[in-house]
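**Student:** If it helps, the file is called entry.cif and holds mmCIF, C-alpha atoms and all ligand atoms:
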```
data_query
#
loop_
_atom_site.label_atom_id
_atom_site.label_comp_id
_atom_site.auth_asym_id
_atom_site.auth_seq_id
_atom_site.Cartn_x
_atom_site.Cartn_y
_atom_site.Cartn_z
CA MET A 1 0.00 0.00 0.00
CA ASN A 2 2.36 2.73 -1.06
CA SER A 3 0.70 4.27 -4.10
CA ILE A 4 -0.40 7.88 -3.87
CA LEU A 5 -2.93 9.52 -6.18
CA VAL A 6 -1.53 12.90 -7.28
CA THR A 7 -4.14 15.08 -8.95
CA GLY A 8 -2.53 17.85 -10.98
CA GLY A 9 0.75 15.95 -10.85
CA ALA A 10 2.02 17.49 -14.10
CA GLY A 11 1.79 21.00 -12.68
CA PHE A 12 4.56 23.09 -11.14
CA ILE A 13 4.28 21.93 -7.53
CA GLY A 14 2.77 18.56 -8.48
CA SER A 15 5.69 17.52 -10.70
CA HIS A 16 8.29 18.34 -8.05
CA THR A 17 6.24 16.46 -5.46
CA VAL A 18 6.04 13.40 -7.72
CA VAL A 19 9.85 13.33 -7.82
CA GLU A 20 10.12 13.59 -4.02
CA LEU A 21 7.47 10.88 -3.57
CA TYR A 22 9.55 8.51 -5.71
CA LYS A 23 12.65 9.36 -3.72
CA ALA A 24 10.75 8.56 -0.52
CA GLY A 25 9.67 5.13 -1.81
CA TYR A 26 6.09 5.91 -2.83
CA THR A 27 4.55 5.13 -6.22
CA PRO A 28 2.73 8.24 -7.45
CA VAL A 29 -0.28 7.75 -9.73
CA ILE A 30 -0.64 11.04 -11.60
CA ILE A 31 -3.81 12.42 -13.07
CA ASP A 32 -3.79 15.70 -14.96
CA ASP A 33 -5.86 17.18 -17.78
CA PHE A 34 -3.05 19.48 -18.99
CA SER A 35 -5.33 22.50 -18.66
CA ASN A 36 -2.43 24.40 -17.10
CA SER A 37 0.52 22.10 -17.76
CA HIS A 38 2.23 20.31 -20.63
CA PRO A 39 2.85 16.64 -21.50
CA LYS A 40 6.60 17.27 -21.71
CA VAL A 41 6.65 17.65 -17.92
CA LEU A 42 6.23 13.86 -17.77
CA GLN A 43 9.44 13.44 -19.79
CA GLY A 44 11.23 15.71 -17.34
CA ILE A 45 10.01 13.57 -14.43
CA GLU A 46 11.05 10.41 -16.27
CA SER A 47 14.58 11.76 -16.85
CA ILE A 48 14.96 12.51 -13.15
CA ILE A 49 13.50 9.32 -11.69
CA GLY A 50 14.69 6.95 -14.42
CA GLU A 51 11.29 5.49 -15.32
CA ALA A 52 8.02 6.66 -16.85
CA PRO A 53 5.63 7.81 -14.14
CA ILE A 54 2.16 6.23 -13.99
CA PHE A 55 -0.11 8.76 -15.66
CA TYR A 56 -3.76 9.15 -16.67
CA GLN A 57 -5.00 12.15 -18.63
CA GLY A 58 -8.34 13.43 -17.43
CA ASP A 59 -10.30 15.78 -15.25
CA CYS A 60 -10.56 14.78 -11.61
CA SER A 61 -13.99 16.38 -11.29
CA ASP A 62 -15.19 13.69 -13.73
CA VAL A 63 -16.49 10.99 -11.37
CA GLN A 64 -16.32 8.16 -13.91
CA PHE A 65 -12.75 8.99 -14.83
CA LEU A 66 -11.63 9.25 -11.22
CA ILE A 67 -13.31 6.01 -10.22
CA SER A 68 -11.77 4.21 -13.22
CA VAL A 69 -8.26 5.23 -12.06
CA LEU A 70 -8.90 4.26 -8.43
CA ALA A 71 -10.33 0.91 -9.51
CA LYS A 72 -7.11 0.15 -11.44
CA HIS A 73 -4.91 0.93 -8.40
CA PRO A 74 -6.36 -0.74 -5.31
CA ASP A 75 -3.08 -0.11 -3.47
CA ILE A 76 -3.61 3.68 -3.42
CA CYS A 77 -3.56 4.66 0.25
CA GLY A 78 -3.47 8.44 0.00
CA CYS A 79 -4.09 11.41 -2.23
CA ILE A 80 -2.36 14.73 -2.77
CA HIS A 81 -4.86 17.06 -4.40
CA PHE A 82 -3.18 19.81 -6.44
CA ALA A 83 -5.56 20.02 -9.38
CA ALA A 84 -7.11 23.49 -9.25
CA PHE A 85 -7.03 26.80 -11.06
CA LYS A 86 -4.96 29.51 -9.37
CA ALA A 87 -5.00 32.77 -11.34
CA VAL A 88 -6.43 35.45 -9.08
CA GLY A 89 -7.32 37.88 -11.92
CA GLU A 90 -8.96 35.21 -14.07
CA SER A 91 -11.05 34.10 -11.11
CA VAL A 92 -12.52 37.60 -10.87
CA LEU A 93 -13.41 37.57 -14.57
CA ASN A 94 -14.70 34.00 -14.63
CA PRO A 95 -15.74 33.00 -11.10
CA LEU A 96 -17.88 30.04 -12.12
CA LYS A 97 -14.91 28.37 -13.75
CA TYR A 98 -13.20 28.50 -10.34
CA TYR A 99 -16.19 27.41 -8.28
CA GLN A 100 -16.92 24.53 -10.60
CA ASN A 101 -13.36 23.26 -10.92
CA ASN A 102 -11.81 23.96 -7.52
CA ILE A 103 -14.80 23.22 -5.32
CA GLY A 104 -16.46 20.70 -7.64
CA SER A 105 -13.36 18.54 -7.96
CA LEU A 106 -12.75 18.37 -4.20
CA SER A 107 -16.32 17.30 -3.60
CA VAL A 108 -16.03 14.52 -6.21
CA LEU A 109 -12.66 13.49 -4.79
CA LEU A 110 -13.81 13.32 -1.16
CA ASN A 111 -16.69 11.06 -2.15
CA ALA A 112 -14.39 8.81 -4.16
CA LEU A 113 -11.82 8.60 -1.33
CA ARG A 114 -14.54 7.50 1.04
CA GLU A 115 -15.88 4.92 -1.40
CA TYR A 116 -12.40 3.45 -1.94
CA LYS A 117 -11.45 3.66 1.76
CA ILE A 118 -8.49 5.93 1.08
CA THR A 119 -7.70 7.54 4.39
CA GLN A 120 -4.87 10.04 3.77
CA LEU A 121 -5.38 13.42 2.12
CA VAL A 122 -2.95 16.29 1.58
CA PHE A 123 -4.65 19.39 0.22
CA SER A 124 -3.09 22.41 -1.56
CA SER A 125 -4.25 25.57 0.08
CA SER A 126 -2.76 29.04 0.15
CA CYS A 127 -1.72 31.81 2.51
CA THR A 128 -4.30 33.85 0.62
CA VAL A 129 -6.83 32.54 3.19
CA TYR A 130 -5.32 34.97 5.74
CA GLY A 131 -5.76 38.14 3.65
CA GLN A 132 -3.58 40.86 5.23
CA PRO A 133 -2.82 39.40 8.67
CA THR A 134 -2.83 41.75 11.65
CA SER A 135 0.37 40.30 13.09
CA LEU A 136 3.45 38.79 11.48
CA PRO A 137 4.75 36.16 11.10
CA VAL A 138 1.28 34.72 10.57
CA ASP A 139 0.49 31.43 12.32
CA GLU A 140 -2.28 28.93 11.69
CA ASN A 141 -4.50 30.40 14.42
CA ALA A 142 -4.80 33.73 12.61
CA SER A 143 -8.32 34.50 11.50
CA ILE A 144 -9.46 33.59 8.04
CA GLU A 145 -10.23 36.93 6.40
CA HIS A 146 -12.74 37.97 3.77
CA ALA A 147 -11.36 36.57 0.49
CA ASN A 148 -10.29 39.18 -2.05
CA SER A 149 -11.00 36.99 -5.05
CA PRO A 150 -13.14 34.01 -6.06
CA TYR A 151 -9.89 32.01 -6.21
CA GLY A 152 -9.14 32.82 -2.57
CA TYR A 153 -12.71 32.02 -1.61
CA THR A 154 -12.52 28.58 -3.25
CA LYS A 155 -9.52 27.78 -1.01
CA GLN A 156 -11.48 28.84 2.08
CA VAL A 157 -14.50 26.78 1.03
CA CYS A 158 -12.34 23.74 0.28
CA GLU A 159 -10.66 23.95 3.70
CA ARG A 160 -14.09 24.15 5.30
CA MET A 161 -15.37 21.25 3.21
CA ILE A 162 -12.52 19.05 4.45
CA CYS A 163 -13.23 20.05 8.10
CA ASP A 164 -16.94 19.29 7.69
CA VAL A 165 -16.23 15.87 6.22
CA HIS A 166 -13.98 15.14 9.20
CA ALA A 167 -16.69 16.10 11.60
CA SER A 168 -19.15 13.81 9.88
CA VAL A 169 -17.20 10.60 9.22
CA LYS A 170 -14.34 8.72 10.77
CA GLY A 171 -11.40 7.39 8.83
CA LEU A 172 -9.92 10.30 6.95
CA SER A 173 -6.76 12.11 8.04
CA SER A 174 -6.03 15.39 6.26
CA ALA A 175 -3.16 17.86 6.14
CA VAL A 176 -4.12 21.20 4.61
CA LEU A 177 -0.95 22.91 3.40
CA ARG A 178 -1.10 26.70 3.16
CA TYR A 179 1.60 27.56 0.66
CA PHE A 180 3.28 30.91 0.73
CA ASN A 181 5.04 31.86 -2.54
CA PRO A 182 6.50 28.79 -4.31
CA ILE A 183 9.37 29.61 -6.67
CA GLY A 184 12.44 27.98 -8.22
CA ALA A 185 12.82 24.71 -10.10
CA HIS A 186 14.43 21.29 -9.77
CA ALA A 187 18.24 21.59 -9.61
CA SER A 188 18.52 19.30 -12.67
CA GLY A 189 16.84 21.97 -14.79
CA LEU A 190 14.52 19.25 -16.14
CA ILE A 191 11.28 20.41 -14.50
CA GLY A 192 10.08 23.85 -13.40
CA GLU A 193 7.27 26.32 -13.79
CA LEU A 194 5.62 26.43 -17.22
CA PRO A 195 3.21 29.35 -17.20
CA LEU A 196 0.95 29.39 -20.24
CA GLY A 197 0.83 32.89 -21.74
CA THR A 198 1.92 35.96 -19.79
CA PRO A 199 2.92 34.95 -16.25
CA ASP A 200 1.01 36.44 -13.33
CA ASN A 201 3.67 35.67 -10.75
CA LEU A 202 6.85 37.56 -10.02
CA VAL A 203 9.61 35.00 -10.57
CA PRO A 204 8.47 33.63 -13.95
CA PHE A 205 8.07 37.25 -15.03
CA ILE A 206 11.65 37.97 -13.92
CA THR A 207 13.13 34.93 -15.69
CA GLN A 208 11.17 35.63 -18.90
CA SER A 209 12.32 39.25 -18.82
CA ALA A 210 15.93 38.13 -18.33
CA ALA A 211 15.51 35.77 -21.31
CA GLY A 212 14.27 38.67 -23.45
CA LEU A 213 10.77 37.21 -23.78
CA ARG A 214 9.22 40.21 -21.94
CA ASP A 215 9.93 43.83 -22.49
CA GLY A 216 11.01 44.42 -18.91
CA LEU A 217 9.58 44.06 -15.49
CA THR A 218 7.22 46.33 -13.57
CA ILE A 219 7.28 46.53 -9.80
CA PHE A 220 3.66 46.87 -8.73
CA GLY A 221 3.97 49.76 -6.30
CA ASN A 222 6.90 51.13 -4.28
CA ASP A 223 4.89 53.20 -1.81
CA TYR A 224 3.94 50.44 0.63
CA ASN A 225 4.70 50.74 4.31
CA THR A 226 7.75 48.43 4.11
CA PRO A 227 11.49 49.24 4.39
CA ASP A 228 12.00 49.71 0.63
CA GLY A 229 8.35 50.45 -0.23
CA THR A 230 7.70 47.21 -2.14
CA CYS A 231 5.51 44.29 -1.00
CA ILE A 232 6.93 41.54 1.16
CA ARG A 233 6.30 37.81 0.62
CA ASP A 234 7.67 34.52 1.88
CA TYR A 235 9.30 32.83 -1.13
CA ILE A 236 9.70 29.08 -0.70
CA HIS A 237 11.77 26.83 -2.97
CA VAL A 238 9.46 24.40 -4.77
CA VAL A 239 11.68 21.41 -3.86
CA ASP A 240 11.37 22.25 -0.16
CA LEU A 241 7.62 22.61 -0.68
CA ALA A 242 7.51 19.23 -2.44
CA LYS A 243 9.28 17.63 0.52
CA ALA A 244 6.68 19.16 2.84
CA HIS A 245 4.05 17.04 1.03
CA VAL A 246 5.98 13.86 1.75
CA ALA A 247 6.26 14.90 5.41
CA ALA A 248 2.54 15.66 5.47
CA LEU A 249 1.71 12.21 4.10
CA THR A 250 3.75 10.62 6.88
CA TRP A 251 1.90 12.79 9.39
CA THR A 252 -1.52 11.73 8.05
CA ASN A 253 -0.43 8.11 8.25
CA ASN A 254 0.71 8.50 11.88
CA ASN A 255 -2.33 10.56 12.96
CA PRO A 256 -5.55 8.82 11.94
CA ASN A 257 -8.79 10.84 12.07
CA SER A 258 -6.89 14.13 12.25
CA CYS A 259 -7.29 17.32 10.31
CA GLU A 260 -4.79 20.17 10.59
CA ALA A 261 -3.69 23.16 8.55
CA PHE A 262 0.02 23.94 8.21
CA ASN A 263 1.83 27.00 6.93
CA ILE A 264 4.49 26.05 4.41
CA GLY A 265 6.92 28.93 4.06
CA THR A 266 10.43 29.88 5.10
CA GLY A 267 9.47 32.21 7.94
CA LYS A 268 11.36 35.02 6.22
CA GLY A 269 9.91 37.92 4.26
CA ASN A 270 11.61 39.38 1.18
CA SER A 271 10.51 42.44 -0.73
CA VAL A 272 9.92 42.50 -4.48
CA LYS A 273 13.01 44.67 -4.80
CA GLU A 274 15.13 42.21 -2.78
CA VAL A 275 14.01 39.37 -5.06
CA ILE A 276 15.00 41.34 -8.16
CA ASP A 277 18.34 42.42 -6.64
CA THR A 278 19.13 38.85 -5.54
CA PHE A 279 18.25 37.50 -8.98
CA GLU A 280 20.59 40.01 -10.64
CA LEU A 281 23.38 39.30 -8.16
CA VAL A 282 23.36 35.50 -8.16
CA ASN A 283 22.90 35.21 -11.92
CA ASP A 284 25.14 38.13 -12.86
CA LEU A 285 22.44 39.80 -14.93
CA LYS A 286 20.80 43.19 -15.17
CA LEU A 287 17.03 43.49 -15.61
CA LYS A 288 15.06 46.35 -17.09
CA VAL A 289 12.83 47.39 -14.20
CA ALA A 290 10.11 50.05 -14.04
CA ILE A 291 7.95 51.16 -11.14
CA GLY A 292 4.22 50.86 -11.80
CA GLU A 293 0.93 51.24 -9.99
CA ARG A 294 -0.07 48.99 -7.13
CA ARG A 295 -1.78 45.80 -8.30
CA PRO A 296 -5.36 45.59 -7.02
CA GLY A 297 -5.81 42.91 -4.36
CA ASP A 298 -2.15 42.72 -3.29
CA VAL A 299 -1.54 42.52 0.44
CA GLU A 300 1.31 44.67 1.76
CA GLN A 301 3.24 41.96 3.53
CA ILE A 302 2.89 38.37 4.60
CA TYR A 303 5.30 35.72 5.81
CA ALA A 304 4.83 32.50 7.71
CA SER A 305 5.42 31.22 11.15
CA GLY A 306 6.67 27.73 10.37
CA LEU A 307 6.69 26.46 13.95
CA LYS A 308 3.72 24.13 13.59
CA ALA A 309 5.13 22.44 10.47
CA LYS A 310 8.50 22.08 12.15
CA GLU A 311 7.02 20.56 15.28
CA LEU A 312 4.36 18.26 13.83
CA LEU A 313 5.56 17.52 10.30
CA LYS A 314 9.25 17.53 11.29
CA TRP A 315 9.84 19.61 8.18
CA THR A 316 11.96 22.71 7.70
CA PRO A 317 13.04 24.35 4.47
CA GLU A 318 16.67 23.86 3.46
CA LEU A 319 17.10 26.00 0.36
CA SER A 320 17.58 29.77 0.13
CA LEU A 321 16.09 32.52 -2.00
CA ALA A 322 19.39 32.60 -3.91
CA ASP A 323 19.18 28.83 -4.58
CA ALA A 324 15.64 29.24 -5.89
CA LEU A 325 16.57 32.12 -8.20
CA ILE A 326 19.61 30.27 -9.58
CA ASP A 327 17.43 27.19 -10.23
CA ALA A 328 14.62 29.24 -11.79
CA TRP A 329 17.07 30.89 -14.18
CA ARG A 330 18.68 27.55 -15.13
CA TRP A 331 15.22 26.19 -15.93
CA GLN A 332 14.31 29.27 -17.99
CA GLN A 333 17.53 28.95 -19.99
CA ASN A 334 16.80 25.29 -20.71
CA LEU A 335 13.32 26.26 -21.90
CA SER A 336 14.72 28.96 -24.15
CA VAL A 337 17.15 26.46 -25.72
CA GLU A 338 14.25 24.08 -26.46
CA ALA A 339 11.97 26.79 -27.91
C1 LIG B 1 -0.71 35.13 -5.60
C2 LIG B 1 -1.89 34.93 -4.68
C3 LIG B 1 -1.72 33.63 -3.95
C4 LIG B 1 -1.59 32.50 -4.92
C5 LIG B 1 -0.42 32.75 -5.82
C6 LIG B 1 -0.49 31.67 -6.86
C7 LIG B 1 -2.95 36.93 -3.76
C8 LIG B 1 -2.92 37.97 -2.70
N1 LIG B 1 -1.98 36.00 -3.73
O1 LIG B 1 0.41 35.39 -4.76
O2 LIG B 1 -2.86 33.37 -3.17
O3 LIG B 1 -1.42 31.29 -4.22
O4 LIG B 1 -0.53 34.03 -6.44
O5 LIG B 1 0.46 31.74 -7.77
O6 LIG B 1 -3.77 36.94 -4.59
N2 LIG B 1 4.84 41.55 -8.63
C9 LIG B 1 5.42 42.62 -9.29
N3 LIG B 1 5.53 42.55 -10.64
C10 LIG B 1 5.11 41.46 -11.37
C11 LIG B 1 4.51 40.36 -10.68
C12 LIG B 1 4.39 40.45 -9.31
O7 LIG B 1 5.81 43.62 -8.68
O8 LIG B 1 5.24 41.46 -12.60
C13 LIG B 1 4.73 41.61 -7.17
C14 LIG B 1 3.32 41.51 -6.65
O9 LIG B 1 2.72 42.79 -6.60
C15 LIG B 1 3.55 40.90 -5.26
C16 LIG B 1 4.80 40.03 -5.45
O10 LIG B 1 5.40 40.48 -6.66
O11 LIG B 1 3.87 41.92 -4.35
C17 LIG B 1 4.44 38.57 -5.58
O12 LIG B 1 3.43 38.45 -6.58
P1 LIG B 1 2.97 37.04 -7.15
O13 LIG B 1 4.16 36.25 -7.58
O14 LIG B 1 1.91 37.29 -8.18
O15 LIG B 1 2.37 36.28 -5.90
P2 LIG B 1 1.23 36.73 -4.85
O16 LIG B 1 0.40 37.81 -5.38
O17 LIG B 1 1.90 36.94 -3.54
#
```
What would the structure in this file look like if it were written as structure tokens?
Ligand code: UD1

**Tutor:**
Amino acid sequence: MNSILVTGGAGFIGSHTVVELYKAGYTPVIIDDFSNSHPKVLQGIESIIGEAPIFYQGDCSDVQFLISVLAKHPDICGCIHFAAFKAVGESVLNPLKYYQNNIGSLSVLLNALREYKITQLVFSSSCTVYGQPTSLPVDENASIEHANSPYGYTKQVCERMICDVHASVKGLSSAVLRYFNPIGAHASGLIGELPLGTPDNLVPFITQSAAGLRDGLTIFGNDYNTPDGTCIRDYIHVVDLAKAHVAALTWTNNNPNSCEAFNIGTGKGNSVKEVIDTFELVNDLKLKVAIGERRPGDVEQIYASGLKAKELLKWTPELSLADALIDAWRWQQNLSVEA
């Protein structure tokens, strides 16, 4: 019983987690519909782990599809549920797409897990559930604030849905992971972030600008109440984040009938300007940077208290911001060579 269903396993965080699951002795069973990923990610995983990963293409909100995969793999004992849309701006323009996919798929999945007696669940949530916290670093007891976007609201609803299911039935153990800002790529340069179209997030925008694919980078506001005026976030290397999922699976196995949320960050805040300066320094590059307007919906600063994850999951991040920015740039260069 060491197979793990990984929904959205061809995505940015999913693909890195698949690699870490293999390294930890699990057999990941990936499902992905490629709505925000690319089949070549599977080749990258294969090159790293030395064998083709088990993969099914489909939508995990499709009950028949999901059941057909579970029926083929009776040794699946747990699930890591990544599959969800995550673009804040798009969720404002097309909220139903987000409600249907993010909430709909979790509901289908929870039913299927119960039917197949799968008792371990690790769920992808986000620090967005905290809004702008009143004290920093933010810990898991901070209040869940009014969501600024339909995307953020779907994460709150999904967390609540998991709690409600726990209250109603015995058997399931869930770790809800609240990611801060995942960045970087695998050190091999074989997998990384593959944003389709113009990236929304800072680091892919930086690497694409450095590669000459974007006409320069805009800092969204430098008049915030922070030391250099730009927003502060907690940037976590995606490989550290992937390892947190393996630790969370162990925790769900050791703690039956439990349900806990965990912050997954570094505990350190860095400003947008510090990220850009570090990128330039460690990669010996100069970016074209302009100062623009604030981006609607951005919180001024947020970074994690990682004490709970350290204590209960026995997990702490090992890689630095510089490591992540070196790895992200290596990945971008490999992509540019392929293109
Ligand atoms: C956002 C979401 C988060 C979600 C994550 C998914 C919010 C408040 N946060 O994180 O819930 O999980 O995306 O990917 O909605 N920036 C620039 N120029 C750019 C791009 C970004 O200055 O071209 C700045 C932003 O203003 C922000 C920082 O960089 O201050 C990080 O932005 P981003 O990478 O988009 O992440 P979040 O907004 O923190």

**Student:** Rank nothing, just name the residue among A:Asp240, A:Asp139, A:Asp327, A:Glu20 nearest to Ile45 (chain A), using all atoms listed in the file.

**Tutor:**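 Of the candidates, the smallest distance to Ile45 (chain A) is held by A:Glu20.
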
**Student:** What's around region 3-14 of chain A at 9 Å? Count all atoms listed in the file, leave out sequence neighbours fewer than 4 positions away in its own chain, and write the answer as a ChimeraX atom specification.

**Tutor:** /A:18-19,21,26-34,36-42,45,55,59-60,70,73-84,182,185,191-195,238-239,241-242

**Student:** What do you get as a tab-separated table (two decimals) with C-alpha atoms, in the coordinates of the input if you pick all residues at most 7 Å from ligand LIG 1 (chain B), counting all atoms listed in the file?

**Tutor:**
```tsv
chain	number	residue	atom	x	y	z
A	86	LYS	CA	-4.96	29.51	-9.37
A	87	ALA	CA	-5.00	32.77	-11.34
A	88	VAL	CA	-6.43	35.45	-9.08
A	126	SER	CA	-2.76	29.04	0.15
A	127	CYS	CA	-1.72	31.81	2.51
A	128	THR	CA	-4.30	33.85	0.62
A	131	GLY	CA	-5.76	38.14	3.65
A	152	GLY	CA	-9.14	32.82	-2.57
A	179	TYR	CA	1.60	27.56	0.66
A	180	PHE	CA	3.28	30.91	0.73
A	181	ASN	CA	5.04	31.86	-2.54
A	200	ASP	CA	1.01	36.44	-13.33
A	201	ASN	CA	3.67	35.67	-10.75
A	202	LEU	CA	6.85	37.56	-10.02
A	203	VAL	CA	9.61	35.00	-10.57
A	205	PHE	CA	8.07	37.25	-15.03
A	217	LEU	CA	9.58	44.06	-15.49
A	218	THR	CA	7.22	46.33	-13.57
A	219	ILE	CA	7.28	46.53	-9.80
A	220	PHE	CA	3.66	46.87	-8.73
A	221	GLY	CA	3.97	49.76	-6.30
A	230	THR	CA	7.70	47.21	-2.14
A	231	CYS	CA	5.51	44.29	-1.00
A	232	ILE	CA	6.93	41.54	1.16
A	233	ARG	CA	6.30	37.81	0.62
A	272	VAL	CA	9.92	42.50	-4.48
A	294	ARG	CA	-0.07	48.99	-7.13
A	295	ARG	CA	-1.78	45.80	-8.30
A	297	GLY	CA	-5.81	42.91	-4.36
A	298	ASP	CA	-2.15	42.72	-3.29
A	299	VAL	CA	-1.54	42.52	0.44
```

**Student:** Calculate how many Å separate CA of Leu335 (chain A) from CA of Gln43 (chain A), rounding to one decimal.

**Tutor:**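 According to the coordinates, CA of Leu335 (chain A) and CA of Gln43 (chain A) are separated by 13.6 Å.
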
**Student:** Using all atoms of region 57-69 of chain A listed in the file and a margin of 3 Å per side, can you give the axis-aligned box centre and edge lengths in Å to one decimal, as JSON?

**Tutor:**
```
{"center_x": -10.7, "center_y": 10.3, "center_z": -14.4, "size_x": 17.5, "size_y": 18.2, "size_z": 14.4}
```

**Student:** What is the distance between CA of Pro95 (chain A) and CA of Glu159 (chain A), in Å to one decimal?

**Tutor:**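 That distance, rounded to one decimal, is 18.1 Å.
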
**Student:** Choose the residue, out of A:Leu121, A:Leu66, A:Cys163, A:Val92, that has the smallest atom-to-atom separation from Trp251 (chain A); count only C-alpha atoms.

**Tutor:** A:Leu121

**Student:** I need the residue nearest Glu51 (chain A) from this list: A:Tyr22, A:Ile144, A:Lys286, A:Ser168. Use only C-alpha atoms for the distance.

**Tutor:**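 Looking only at the distances to Glu51 (chain A), the closest residue turns out to be A:Tyr22.
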
**Student:** When you draw a straight line from CA of Ser105 (chain A) to CA of Ala244 (chain A), how long is it in Å?

**Tutor:**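 Straight-line distance from CA of Ser105 (chain A) to CA of Ala244 (chain A) works out to 22.8 Å.
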
**Student:** When you count all atoms listed in the file, which of these residues is closest to Cys158 (chain A): A:Val275, A:Val176, A:Ala52, A:Ile236?

**Tutor:** A:Val176

**Student:** So, with all atoms listed in the file as the atoms that count, which of A:Val63, A:Ala324, A:Ala290, A:Leu213 lies closest to Gly104 (chain A)?

**Tutor:** A:Val63

**Student:** Give me the residues within 12 Å of Trp331 (chain A) as a VMD selection string, counting all atoms listed in the file and dropping any in the same chain fewer than 2 places off.

**Tutor:** chain A and resid 44 183 to 194 203 to 204 207 to 208 211 324 to 329 333 to 338

**Student:** Do you know which residues lie at most 12 Å from (-16.3, 13.2, -11.4), with coordinates as in the file and all atoms listed in the file counted, and could you write them as JSON, numbers by chain?

**Tutor:** {"A": [58, 59, 60, 61, 62, 63, 64, 65, 66, 67, 68, 69, 70, 100, 101, 103, 104, 105, 106, 107, 108, 109, 110, 111, 112, 113]}

**Student:** For region 111-215 of chain A against region 257-262 of chain A, with a cut-off of 7 Å and counting all atoms listed in the file, what is the closest atom pair and its distance in Å to one decimal for every residue that makes the cut, ordered by chain and number, as a Markdown table?

**Tutor:**
```
| residue | atom | partner | partner_atom | distance |
| --- | --- | --- | --- | --- |
| A:Glu140 | CA | A:Phe262 | CA | 6.5 |
| A:Cys163 | CA | A:Cys259 | CA | 6.9 |
| A:Lys170 | CA | A:Asn257 | CA | 6.1 |
| A:Gly171 | CA | A:Asn257 | CA | 5.4 |
| A:Leu172 | CA | A:Asn257 | CA | 5.3 |
| A:Ser173 | CA | A:Ser258 | CA | 4.7 |
| A:Ser174 | CA | A:Cys259 | CA | 4.7 |
| A:Ala175 | CA | A:Glu260 | CA | 5.3 |
| A:Val176 | CA | A:Ala261 | CA | 4.4 |
| A:Leu177 | CA | A:Phe262 | CA | 5.0 |
| A:Arg178 | CA | A:Phe262 | CA | 5.9 |
```

**Student:** When distances are computed from only C-alpha atoms, which of A:Gln57, A:Asn94, A:Gly89, A:Asn263 shows the smallest separation from Ala142 (chain A)?

**Tutor:** A:Asn263
